[in-house]
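Source file: protein_9.tsv (TSV, C-alpha atoms)
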chain	number	residue	atom	x	y	z
A	1	MET	CA	25.93	-16.53	25.33
A	2	THR	CA	22.57	-17.00	23.66
A	3	HIS	CA	20.29	-14.08	22.74
A	4	TRP	CA	16.52	-14.47	22.58
A	5	LEU	CA	13.92	-12.92	20.30
A	6	PHE	CA	10.26	-13.10	21.32
A	7	TYR	CA	7.83	-13.64	18.48
A	8	ALA	CA	4.68	-15.57	19.45
A	9	GLY	CA	7.02	-17.92	21.24
A	10	GLU	CA	10.76	-18.09	21.74
A	11	PHE	CA	13.64	-19.19	19.58
A	12	SER	CA	17.32	-18.56	19.99
A	13	ILE	CA	19.69	-16.43	17.97
A	14	SER	CA	23.29	-17.41	18.53
A	15	ASP	CA	26.35	-15.18	18.48
A	16	HIS	CA	27.20	-16.74	15.11
A	17	ASP	CA	23.80	-15.59	13.81
A	18	LEU	CA	24.47	-12.07	15.06
A	19	ASP	CA	27.87	-12.05	13.36
A	20	ILE	CA	26.06	-12.65	10.08
A	21	LEU	CA	23.20	-10.23	10.77
A	22	ARG	CA	25.43	-7.25	11.63
A	23	PRO	CA	27.17	-6.96	8.20
A	24	PHE	CA	23.86	-7.53	6.44
A	25	GLY	CA	22.24	-4.79	8.56
A	26	MET	CA	25.10	-2.46	7.64
A	27	LYS	CA	24.56	-3.23	3.95
A	28	ILE	CA	20.85	-2.39	4.17
A	29	ARG	CA	21.29	0.79	6.24
A	30	ASN	CA	24.06	2.18	4.03
A	31	ASN	CA	22.81	0.93	0.64
A	32	LEU	CA	26.02	-0.98	-0.04
A	33	THR	CA	26.24	-2.55	-3.48
A	34	ALA	CA	26.59	-6.29	-3.95
A	35	SER	CA	30.13	-5.81	-5.27
A	36	THR	CA	31.13	-3.81	-2.18
A	37	PHE	CA	29.70	-6.47	0.11
A	38	HIS	CA	31.52	-9.16	-1.88
A	39	GLU	CA	34.80	-7.28	-1.47
A	40	MET	CA	34.19	-6.92	2.27
A	41	SER	CA	33.42	-10.62	2.67
A	42	HIS	CA	36.66	-11.46	0.81
A	43	ASN	CA	38.78	-9.05	2.90
A	44	PHE	CA	37.24	-10.13	6.20
A	45	SER	CA	36.86	-13.83	5.51
A	46	LYS	CA	39.17	-14.67	8.41
A	47	ALA	CA	36.75	-12.85	10.71
A	48	GLY	CA	34.02	-15.24	9.60
A	49	MET	CA	32.16	-12.88	7.25
A	50	GLU	CA	30.05	-14.81	4.71
A	51	ASN	CA	29.49	-13.85	1.08
A	52	LEU	CA	26.22	-12.16	0.12
A	53	ALA	CA	24.46	-15.29	-1.16
A	54	LYS	CA	25.10	-17.23	2.05
A	55	THR	CA	24.26	-14.19	4.16
A	56	ARG	CA	20.91	-13.70	2.46
A	57	SER	CA	20.10	-17.38	2.79
A	58	HIS	CA	20.94	-17.30	6.51
A	59	VAL	CA	18.90	-14.12	7.12
A	60	ARG	CA	15.96	-15.61	5.23
A	61	ALA	CA	16.09	-18.73	7.39
A	62	LEU	CA	16.26	-16.70	10.60
A	63	SER	CA	13.36	-14.47	9.61
A	64	ARG	CA	11.08	-17.46	8.97
A	65	PHE	CA	9.52	-15.29	6.32
A	66	GLU	CA	8.99	-15.82	2.60
A	67	PRO	CA	7.24	-13.76	-0.10
A	68	VAL	CA	4.13	-15.32	-1.62
A	69	LYS	CA	4.28	-15.66	-5.40
A	70	PHE	CA	1.24	-15.38	-7.68
A	71	ALA	CA	1.06	-15.91	-11.42
A	72	CYS	CA	0.25	-12.73	-13.31
A	73	CYS	CA	-0.28	-11.68	-16.91
A	74	VAL	CA	2.93	-11.32	-18.89
A	75	ASN	CA	1.81	-7.73	-19.65
A	76	SER	CA	0.78	-7.13	-15.99
A	77	CYS	CA	-2.87	-6.67	-16.97
A	78	ILE	CA	-4.05	-8.83	-14.06
A	79	CYS	CA	-2.82	-11.04	-11.27
A	80	TYR	CA	-4.39	-14.50	-11.19
A	81	THR	CA	-6.08	-14.05	-7.81
A	82	GLY	CA	-9.70	-13.83	-6.68
A	83	PRO	CA	-12.09	-14.07	-9.67
A	84	TYR	CA	-9.12	-14.64	-12.02
A	85	ALA	CA	-7.54	-17.46	-10.00
A	86	ASP	CA	-8.67	-20.28	-12.29
A	87	LEU	CA	-8.27	-18.55	-15.67
A	88	ASP	CA	-5.86	-19.88	-18.28
A	89	GLU	CA	-5.47	-16.61	-20.16
A	90	CYS	CA	-5.67	-12.88	-19.49
A	91	PRO	CA	-9.22	-11.54	-20.09
A	92	ASN	CA	-7.76	-8.26	-21.37
A	93	CYS	CA	-4.87	-9.07	-23.74
A	94	ARG	CA	-5.69	-12.78	-24.22
A	95	THR	CA	-2.12	-13.92	-23.60
A	96	SER	CA	-1.72	-17.35	-22.05
A	97	ARG	CA	-1.02	-17.76	-18.35
A	98	LEU	CA	1.56	-20.54	-18.79
A	99	ASN	CA	4.53	-21.04	-21.08
A	100	GLU	CA	5.28	-24.16	-23.13
A	101	SER	CA	6.77	-25.83	-20.04
A	102	GLY	CA	3.55	-25.32	-18.08
A	103	ARG	CA	5.03	-22.65	-15.80
A	104	PRO	CA	3.63	-19.12	-15.24
A	105	ARG	CA	5.04	-16.67	-17.76
A	106	ARG	CA	5.35	-13.97	-15.10
A	107	MET	CA	5.12	-13.87	-11.32
A	108	PHE	CA	4.04	-11.21	-8.85
A	109	SER	CA	5.75	-11.42	-5.45
A	110	TYR	CA	3.58	-10.36	-2.53
A	111	ILE	CA	5.33	-9.61	0.78
A	112	PRO	CA	2.89	-10.47	3.59
A	113	LEU	CA	2.00	-7.66	6.00
A	114	ILE	CA	0.80	-9.54	9.09
A	115	PRO	CA	4.14	-11.22	9.98
A	116	ARG	CA	5.91	-7.85	9.84
A	117	LEU	CA	3.35	-6.09	12.02
A	118	ARG	CA	3.53	-8.97	14.47
A	119	ALA	CA	7.32	-8.65	14.54
A	120	LEU	CA	7.02	-4.93	15.38
A	121	MET	CA	4.71	-5.68	18.30
A	122	SER	CA	7.08	-8.36	19.58
A	123	ASN	CA	9.99	-5.89	19.69
A	124	ARG	CA	9.96	-3.81	22.88
A	125	THR	CA	11.45	-0.68	21.25
A	126	TYR	CA	8.96	-0.66	18.38
A	127	ALA	CA	6.04	-1.66	20.61
A	128	THR	CA	6.75	1.43	22.72
A	129	GLN	CA	6.87	3.71	19.67
A	130	LEU	CA	3.58	2.25	18.40
A	131	GLN	CA	1.81	3.70	21.44
A	132	TYR	CA	1.98	7.20	19.92
A	133	ARG	CA	-1.64	7.11	18.68
A	134	ALA	CA	-3.21	6.06	21.96
A	135	ASP	CA	-0.72	7.67	24.33
A	136	GLU	CA	1.21	10.76	23.23
A	137	HIS	CA	-1.27	12.11	20.68
A	138	ALA	CA	-4.33	11.33	22.80
A	139	LYS	CA	-2.83	13.24	25.75
A	140	THR	CA	-1.81	16.33	23.77
A	141	ARG	CA	-4.83	16.54	21.44
A	142	ARG	CA	-6.83	19.77	21.54
A	143	PRO	CA	-10.39	19.53	20.17
A	144	GLY	CA	-10.91	21.81	17.17
A	145	THR	CA	-7.22	21.78	16.27
A	146	THR	CA	-5.80	19.57	13.52
A	147	THR	CA	-2.20	18.53	14.10
A	148	ASP	CA	-2.22	14.94	12.85
A	149	ILE	CA	-4.28	12.45	10.87
A	150	PHE	CA	-5.90	11.33	14.15
A	151	ASP	CA	-7.64	14.72	14.35
A	152	GLY	CA	-9.34	14.08	11.00
A	153	LEU	CA	-13.06	13.47	10.65
A	154	HIS	CA	-12.66	9.99	9.18
A	155	TYR	CA	-10.60	8.63	12.06
A	156	ARG	CA	-12.74	10.36	14.69
A	157	SER	CA	-15.92	8.97	13.10
A	158	LEU	CA	-14.59	5.41	13.39
A	159	LEU	CA	-14.08	5.63	17.13
A	160	GLY	CA	-16.92	3.88	18.91
A	161	GLU	CA	-18.12	2.15	15.73
A	162	ARG	CA	-18.36	-1.63	15.60
A	163	VAL	CA	-16.12	-3.43	13.13
A	164	VAL	CA	-18.08	-4.87	10.20
A	165	VAL	CA	-16.57	-7.35	7.74
A	166	GLY	CA	-18.91	-8.43	4.97
A	167	ASN	CA	-22.33	-8.90	6.52
A	168	ARG	CA	-21.02	-9.71	9.98
A	169	MET	CA	-20.67	-7.24	12.84
A	170	TYR	CA	-17.96	-8.06	15.38
A	171	PRO	CA	-18.07	-7.29	19.13
A	172	HIS	CA	-15.05	-4.94	19.11
A	173	ASN	CA	-14.92	-1.30	18.00
A	174	TYR	CA	-12.41	0.35	15.71
A	175	PHE	CA	-9.31	1.38	17.68
A	176	SER	CA	-10.82	0.27	20.98
A	177	ASP	CA	-7.49	-1.32	21.99
A	178	HIS	CA	-4.49	0.96	22.55
A	179	ARG	CA	-2.43	-1.50	20.46
A	180	ASP	CA	-4.64	-1.20	17.36
A	181	ILE	CA	-2.67	0.17	14.41
A	182	ALA	CA	-3.81	2.78	11.87
A	183	LEU	CA	-2.40	2.22	8.39
A	184	GLY	CA	-2.20	4.19	5.16
A	185	PHE	CA	-1.96	2.73	1.66
A	186	ALA	CA	-0.35	4.37	-1.36
A	187	THR	CA	0.81	3.41	-4.83
A	188	ASP	CA	2.68	5.12	-7.62
A	189	GLY	CA	4.11	4.24	-10.99
A	190	PHE	CA	7.79	4.57	-11.76
A	191	ALA	CA	10.11	3.89	-14.68
A	192	PRO	CA	12.86	1.49	-13.57
A	193	PHE	CA	14.95	2.00	-16.71
A	194	LYS	CA	16.47	5.12	-18.26
A	195	LYS	CA	14.50	4.88	-21.52
A	196	ARG	CA	11.26	5.16	-19.49
A	197	LYS	CA	9.35	2.88	-21.89
A	198	HIS	CA	8.31	0.53	-19.11
A	199	THR	CA	6.59	1.27	-15.82
A	200	ALA	CA	6.17	-0.67	-12.60
A	201	TRP	CA	3.84	0.13	-9.68
A	202	ILE	CA	4.90	-0.03	-6.04
A	203	LEU	CA	2.42	-0.87	-3.26
A	204	LEU	CA	3.25	0.80	0.07
A	205	ILE	CA	1.88	0.69	3.62
A	206	PHE	CA	2.48	3.51	6.13
A	207	ASN	CA	2.25	3.01	9.89
A	208	TYR	CA	0.47	6.00	11.45
A	209	ASN	CA	0.93	4.66	14.97
A	210	LEU	CA	4.54	5.76	14.76
A	211	PRO	CA	5.31	9.40	15.69
A	212	PRO	CA	5.01	11.81	12.70
A	213	ASP	CA	8.77	12.32	12.45
A	214	GLN	CA	9.31	8.57	12.03
A	215	ARG	CA	6.35	7.15	10.11
A	216	PHE	CA	7.55	8.26	6.66
A	217	GLN	CA	11.20	7.34	7.09
A	218	LYS	CA	12.41	4.74	4.62
A	219	ASP	CA	13.07	2.12	7.30
A	220	ASN	CA	9.46	2.35	8.53
A	221	ILE	CA	7.67	2.18	5.18
A	222	LEU	CA	6.41	-1.31	4.36
A	223	CYS	CA	6.45	-2.40	0.72
A	224	VAL	CA	4.00	-5.25	0.10
A	225	GLY	CA	4.79	-5.71	-3.57
A	226	ILE	CA	5.75	-4.22	-6.92
A	227	ILE	CA	3.49	-4.76	-9.94
A	228	PRO	CA	6.18	-5.69	-12.47
A	229	GLY	CA	4.94	-3.91	-15.58
A	230	PRO	CA	5.79	-3.30	-18.40
A	231	LYS	CA	2.67	-1.13	-18.33
A	232	LYS	CA	-0.08	0.07	-16.04
A	233	PRO	CA	-2.23	-2.85	-14.83
A	234	TRP	CA	-5.65	-3.28	-16.40
A	235	ASP	CA	-7.09	-4.44	-13.05
A	236	ALA	CA	-4.92	-3.27	-10.14
A	237	ASP	CA	-7.42	-4.77	-7.68
A	238	SER	CA	-6.20	-8.25	-8.59
A	239	PHE	CA	-2.68	-7.36	-7.44
A	240	ILE	CA	-3.99	-5.76	-4.23
A	241	TYR	CA	-6.23	-8.77	-3.52
A	242	PRO	CA	-3.71	-10.54	-1.20
A	243	LEU	CA	-3.33	-7.32	0.83
A	244	VAL	CA	-7.10	-6.95	1.15
A	245	ARG	CA	-7.34	-10.51	2.42
A	246	GLU	CA	-4.77	-9.74	5.12
A	247	LEU	CA	-6.51	-6.48	6.05
A	248	LEU	CA	-9.77	-8.38	6.53
A	249	GLU	CA	-7.93	-10.79	8.84
A	250	LEU	CA	-6.51	-7.85	10.78
A	251	ALA	CA	-9.95	-6.26	11.10
A	252	VAL	CA	-11.29	-9.48	12.65
A	253	GLY	CA	-8.15	-9.93	14.76
A	254	VAL	CA	-5.04	-12.12	14.65
A	255	SER	CA	-2.97	-13.51	17.50
A	256	ALA	CA	0.20	-11.54	18.26
A	257	TYR	CA	2.74	-11.16	21.07
A	258	ASP	CA	2.91	-7.88	22.99
A	259	ALA	CA	6.50	-7.27	24.12
A	260	LEU	CA	5.37	-4.68	26.70
A	261	SER	CA	2.87	-6.86	28.56
A	262	ARG	CA	4.69	-10.09	27.56
A	263	SER	CA	1.43	-11.72	26.55
A	264	LEU	CA	-0.57	-12.80	23.52
A	265	PHE	CA	-3.48	-10.63	22.43
A	266	ALA	CA	-5.97	-10.13	19.58
A	267	PHE	CA	-4.16	-7.76	17.24
A	268	HIS	CA	-6.08	-5.39	14.91
A	269	ALA	CA	-5.00	-2.95	12.20
A	270	TYR	CA	-7.12	-0.80	9.89
A	271	VAL	CA	-6.38	1.23	6.76
A	272	ILE	CA	-7.76	4.73	7.29
A	273	THR	CA	-6.44	6.44	4.18
A	274	GLY	CA	-5.37	5.66	0.62
A	275	PHE	CA	-3.61	8.17	-1.58
A	276	GLY	CA	-1.45	8.80	-4.63
A	277	ASP	CA	-1.17	11.14	-7.59
A	278	ILE	CA	-4.01	11.46	-10.13
A	279	PRO	CA	-2.96	8.47	-12.31
A	280	ALA	CA	-2.58	6.26	-9.22
A	281	VAL	CA	-5.89	7.24	-7.65
A	282	SER	CA	-7.74	6.96	-10.97
A	283	MET	CA	-6.35	3.41	-11.25
A	284	LEU	CA	-7.40	2.48	-7.71
A	285	MET	CA	-10.86	4.04	-7.96
A	286	HIS	CA	-11.49	2.99	-11.58
A	287	MET	CA	-11.95	6.64	-12.56
A	288	LYS	CA	-10.95	8.59	-15.61
A	289	GLY	CA	-7.49	10.14	-15.32
A	290	HIS	CA	-6.30	13.74	-15.45
A	291	ASN	CA	-7.61	14.14	-19.04
A	292	GLY	CA	-11.14	13.08	-18.17
A	293	LEU	CA	-14.14	15.38	-18.48
A	294	CYS	CA	-14.32	15.45	-14.68
A	295	PRO	CA	-10.68	14.84	-13.71
A	296	CYS	CA	-10.60	15.73	-10.02
A	297	ARG	CA	-11.27	13.04	-7.41
A	298	MET	CA	-12.23	15.69	-4.82
A	299	CYS	CA	-14.66	17.92	-6.75
A	300	ARG	CA	-16.88	17.82	-9.84
A	301	ILE	CA	-15.21	20.62	-11.78
A	302	LEU	CA	-15.62	20.03	-15.56
A	303	GLY	CA	-12.92	20.25	-18.19
A	304	ILE	CA	-13.34	22.14	-21.48
A	305	ARG	CA	-11.77	21.79	-24.92
A	306	ILE	CA	-9.13	24.13	-26.30
A	307	PRO	CA	-10.94	26.54	-28.69
A	308	ASP	CA	-10.39	26.02	-32.44
A	309	SER	CA	-7.98	23.13	-31.90
A	310	ARG	CA	-7.85	19.50	-32.92
A	311	ASN	CA	-6.13	18.79	-29.62
A	312	LYS	CA	-8.50	16.69	-27.53
A	313	THR	CA	-6.77	17.59	-24.27
A	314	LEU	CA	-9.10	19.15	-21.70
A	315	TYR	CA	-8.16	21.95	-19.33
A	316	VAL	CA	-9.96	23.19	-16.21
A	317	PRO	CA	-9.79	26.98	-15.68
A	318	LEU	CA	-11.85	28.41	-12.84
A	319	SER	CA	-13.22	31.20	-15.05
A	320	ARG	CA	-14.77	30.42	-18.45
A	321	ARG	CA	-15.99	33.95	-19.16
A	322	ASN	CA	-13.66	34.43	-22.15
A	323	HIS	CA	-14.17	30.95	-23.56
A	324	PRO	CA	-15.84	31.22	-27.00
A	325	ALA	CA	-18.02	28.15	-26.58
A	326	PRO	CA	-20.95	28.20	-24.17
A	327	THR	CA	-20.34	26.29	-20.94
A	328	ASP	CA	-22.67	25.11	-18.20
A	329	VAL	CA	-20.65	26.96	-15.54
A	330	VAL	CA	-19.28	30.46	-16.14
A	331	GLU	CA	-17.01	30.52	-13.11
A	332	TYR	CA	-15.97	28.19	-10.27
A	333	ARG	CA	-15.14	29.77	-6.93
A	334	PRO	CA	-12.19	27.97	-5.26
A	335	GLU	CA	-13.72	28.35	-1.80
A	336	ASN	CA	-16.99	26.79	-2.95
A	337	LEU	CA	-16.21	24.03	-5.42
A	338	PRO	CA	-18.86	21.34	-6.03
A	339	LEU	CA	-17.29	18.62	-3.87
A	340	ARG	CA	-17.80	14.95	-4.54
A	341	SER	CA	-19.52	12.79	-1.92
A	342	HIS	CA	-19.65	9.08	-1.18
A	343	ASP	CA	-23.23	8.91	-2.49
A	344	HIS	CA	-22.16	10.64	-5.71
A	345	PHE	CA	-19.31	8.16	-6.23
A	346	MET	CA	-21.66	5.22	-5.65
A	347	ALA	CA	-24.27	6.63	-8.03
A	348	GLN	CA	-21.63	7.04	-10.75
A	349	ALA	CA	-20.40	3.50	-10.15
A	350	GLU	CA	-23.96	2.21	-10.59
A	351	GLU	CA	-24.24	4.10	-13.89
A	352	VAL	CA	-21.00	2.54	-15.14
A	353	GLU	CA	-22.03	-0.96	-14.09
A	354	SER	CA	-25.48	-0.66	-15.69
A	355	ALA	CA	-24.21	0.80	-18.99
A	356	PRO	CA	-25.40	-1.47	-21.86
A	357	THR	CA	-22.21	-1.21	-23.96
A	358	GLU	CA	-18.49	-0.69	-23.43
A	359	THR	CA	-18.69	2.65	-25.26
A	360	ARG	CA	-21.36	3.89	-22.86
A	361	ARG	CA	-19.28	2.66	-19.94
A	362	GLU	CA	-16.33	4.73	-21.18
A	363	GLU	CA	-18.55	7.80	-21.53
A	364	ARG	CA	-19.62	7.50	-17.90
As structure tokens, what does this structure read like?
Amino acid sequence: MTHWLFYAGEFSISDHDLDILRPFGMKIRNNLTASTFHEMSHNFSKAGMENLAKTRSHVRALSRFEPVKFACCVNSCICYTGPYADLDECPNCRTSRLNESGRPRRMFSYIPLIPRLRALMSNRTYATQLQYRADEHAKTRRPGTTTDIFDGLHYRSLLGERVVVGNRMYPHNYFSDHRDIALGFATDGFAPFKKRKHTAWILLIFNYNLPPDQRFQKDNILCVGIIPGPKKPWDADSFIYPLVRELLELAVGVSAYDALSRSLFAFHAYVITGFGDIPAVSMLMHMKGHNGLCPCRMCRILGIRIPDSRNKTLYVPLSRRNHPAPTDVVEYRPENLPLRSHDHFMAQAEEVESAPTETRREER
């Protein structure tokens, strides 16, 4: 018997393929180690179970999917994409791009997003779950009540707005099709080794079209890449560049197969939120971090120095009444903090860009 998978066309998966996919699926779901899988393949060799290397190769061939590799700085300062694509050395640390053999000294592997979203839409079970935004939530929504991200002002403001990419306005509106997908983007640094001297940065995509109890489960989170480290990137935008290119394609529309209607359609997806802790957001927004004079990305509360101390660390108490040094604000009220706005962010960015020296840029 031959089984069929629909994905912008048809191709067959044989029973032999399924016999290889089932053990591999069990390994992924249960986090089996390579040694455990090797032992299983040895014990069940008569049943036709392949070793891990052959299994991975077979799964890779069936998926018709490969990561895209980009050269990056050996210190992970930049990825050689966009404006850095033709450079021979890192503009930050001045290390060479290539080794003595003419090969990149380090590579960044980007895992494309569009093929995976297409695959979800071509699977009837997932395609049904992806209707949560336009079906279940839309039917149960009560105006004035916030129960999900789709009740937020940002998402609601996009509805009815034309999609604009660059200087071109397209004929479709944001989320005008019930199959349009709302995405979230997040990043965070982590130490992969016990000594914690090196850090890497993971790039994640969340699918808000899935029901709330499913969208943050491990199996439904899409990793598009890991910035390899060993330190925080100097220009994280260069590593996110391939993702941005795909998001622009998704905003315009890409061809995909709808398993529910069994037809091709123009598929759209839009990022409606980006988040992370203070170091991650400061990296993404090119802001000062948690020890900046104005450390919060939501409000303009100002930090102050520790009195009579050489410690340069700033702290941000709401009340400064007992602080010995004069301050511009005596007390901040938590219910009425001076919130940042888009215009304020843009004005600050203009100040940074127009600063005559690097020292003045840092002060901004």
Å distance separating atom CA of A:Asp180 from atom CA of A:Tyr270, one decimal place
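That distance, rounded to one decimal, is 7.9 Å.
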Could you tell me how far atom CA of A:Pro67 lies from atom CA of A:Glu246, in Å and to one decimal?
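Atom CA of A:Pro67 sits 13.7 Å away from atom CA of A:Glu246.
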List the spatial neighbours of A:Arg168 as a ChimeraX atom specification - criterion: any atom at most 12 Å away, only C-alpha atoms, same-chain residues fewer than 3 positions off excluded.
/A:162-165,171-172,248,251-252
Atom CA of A:Arg29 and atom CA of A:Ser57, how far apart in Å?
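So the answer is 18.5 Å.
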Around the point (-6.0, 12.2, 18.2) in the file's coordinates, collect all residues with an atom within 9 Å, using all atoms listed in the file, and return them as a PyMOL selection string.
chain A and resi 133-134+136-143+146-152+155-156
How would you write as a ChimeraX atom specification the residues that get within 8 Å of (-19.9, 12.4, -12.6) in the file's frame, counting only C-alpha atoms?
/A:294,300,344-345,348,364
Find the residues around A:Met107 up to 9 Å (all atoms listed in the file counted), leave out those fewer than 4 positions away in its own chain, and share them as an NGL selection string.
:A and (69-74 or 79 or 228)
Create the file for the chosen residues now, containing C-alpha atoms and written as a compact mmCIF listing (two decimals), in the frame of the given file.
# COMPACT_ATOMS: atom_id res chain seq x y z
CA LYS A 69 4.28 -15.66 -5.40
CA PHE A 70 1.24 -15.38 -7.68
CA ALA A 71 1.06 -15.91 -11.42
CA CYS A 72 0.25 -12.73 -13.31
CA CYS A 73 -0.28 -11.68 -16.91
CA VAL A 74 2.93 -11.32 -18.89
CA CYS A 79 -2.82 -11.04 -11.27
CA PRO A 228 6.18 -5.69 -12.47
Leaving out A:Ser63 and any residue of its chain fewer than 3 positions from it, which residues lie within 10 Å of it when counting all atoms listed in the file, given as a PyMOL selection string?
chain A and resi 58-60+66+115-116+119
Need the shell around stretch 275-291 of chain A: protein/DNA/RNA residues with any atom at most 8 Å away, counting only C-alpha atoms. Skip same-chain ones fewer than 5 positions apart. Format as a VMD selection string?
chain A and resid 184 to 189 236 to 237 296 to 297 313 to 315
Just checking: using all atoms listed in the file, which residue out of A:Leu293, A:Leu153, A:Ala325, A:Ala53 ends up closest to A:Pro307?
A:Ala325
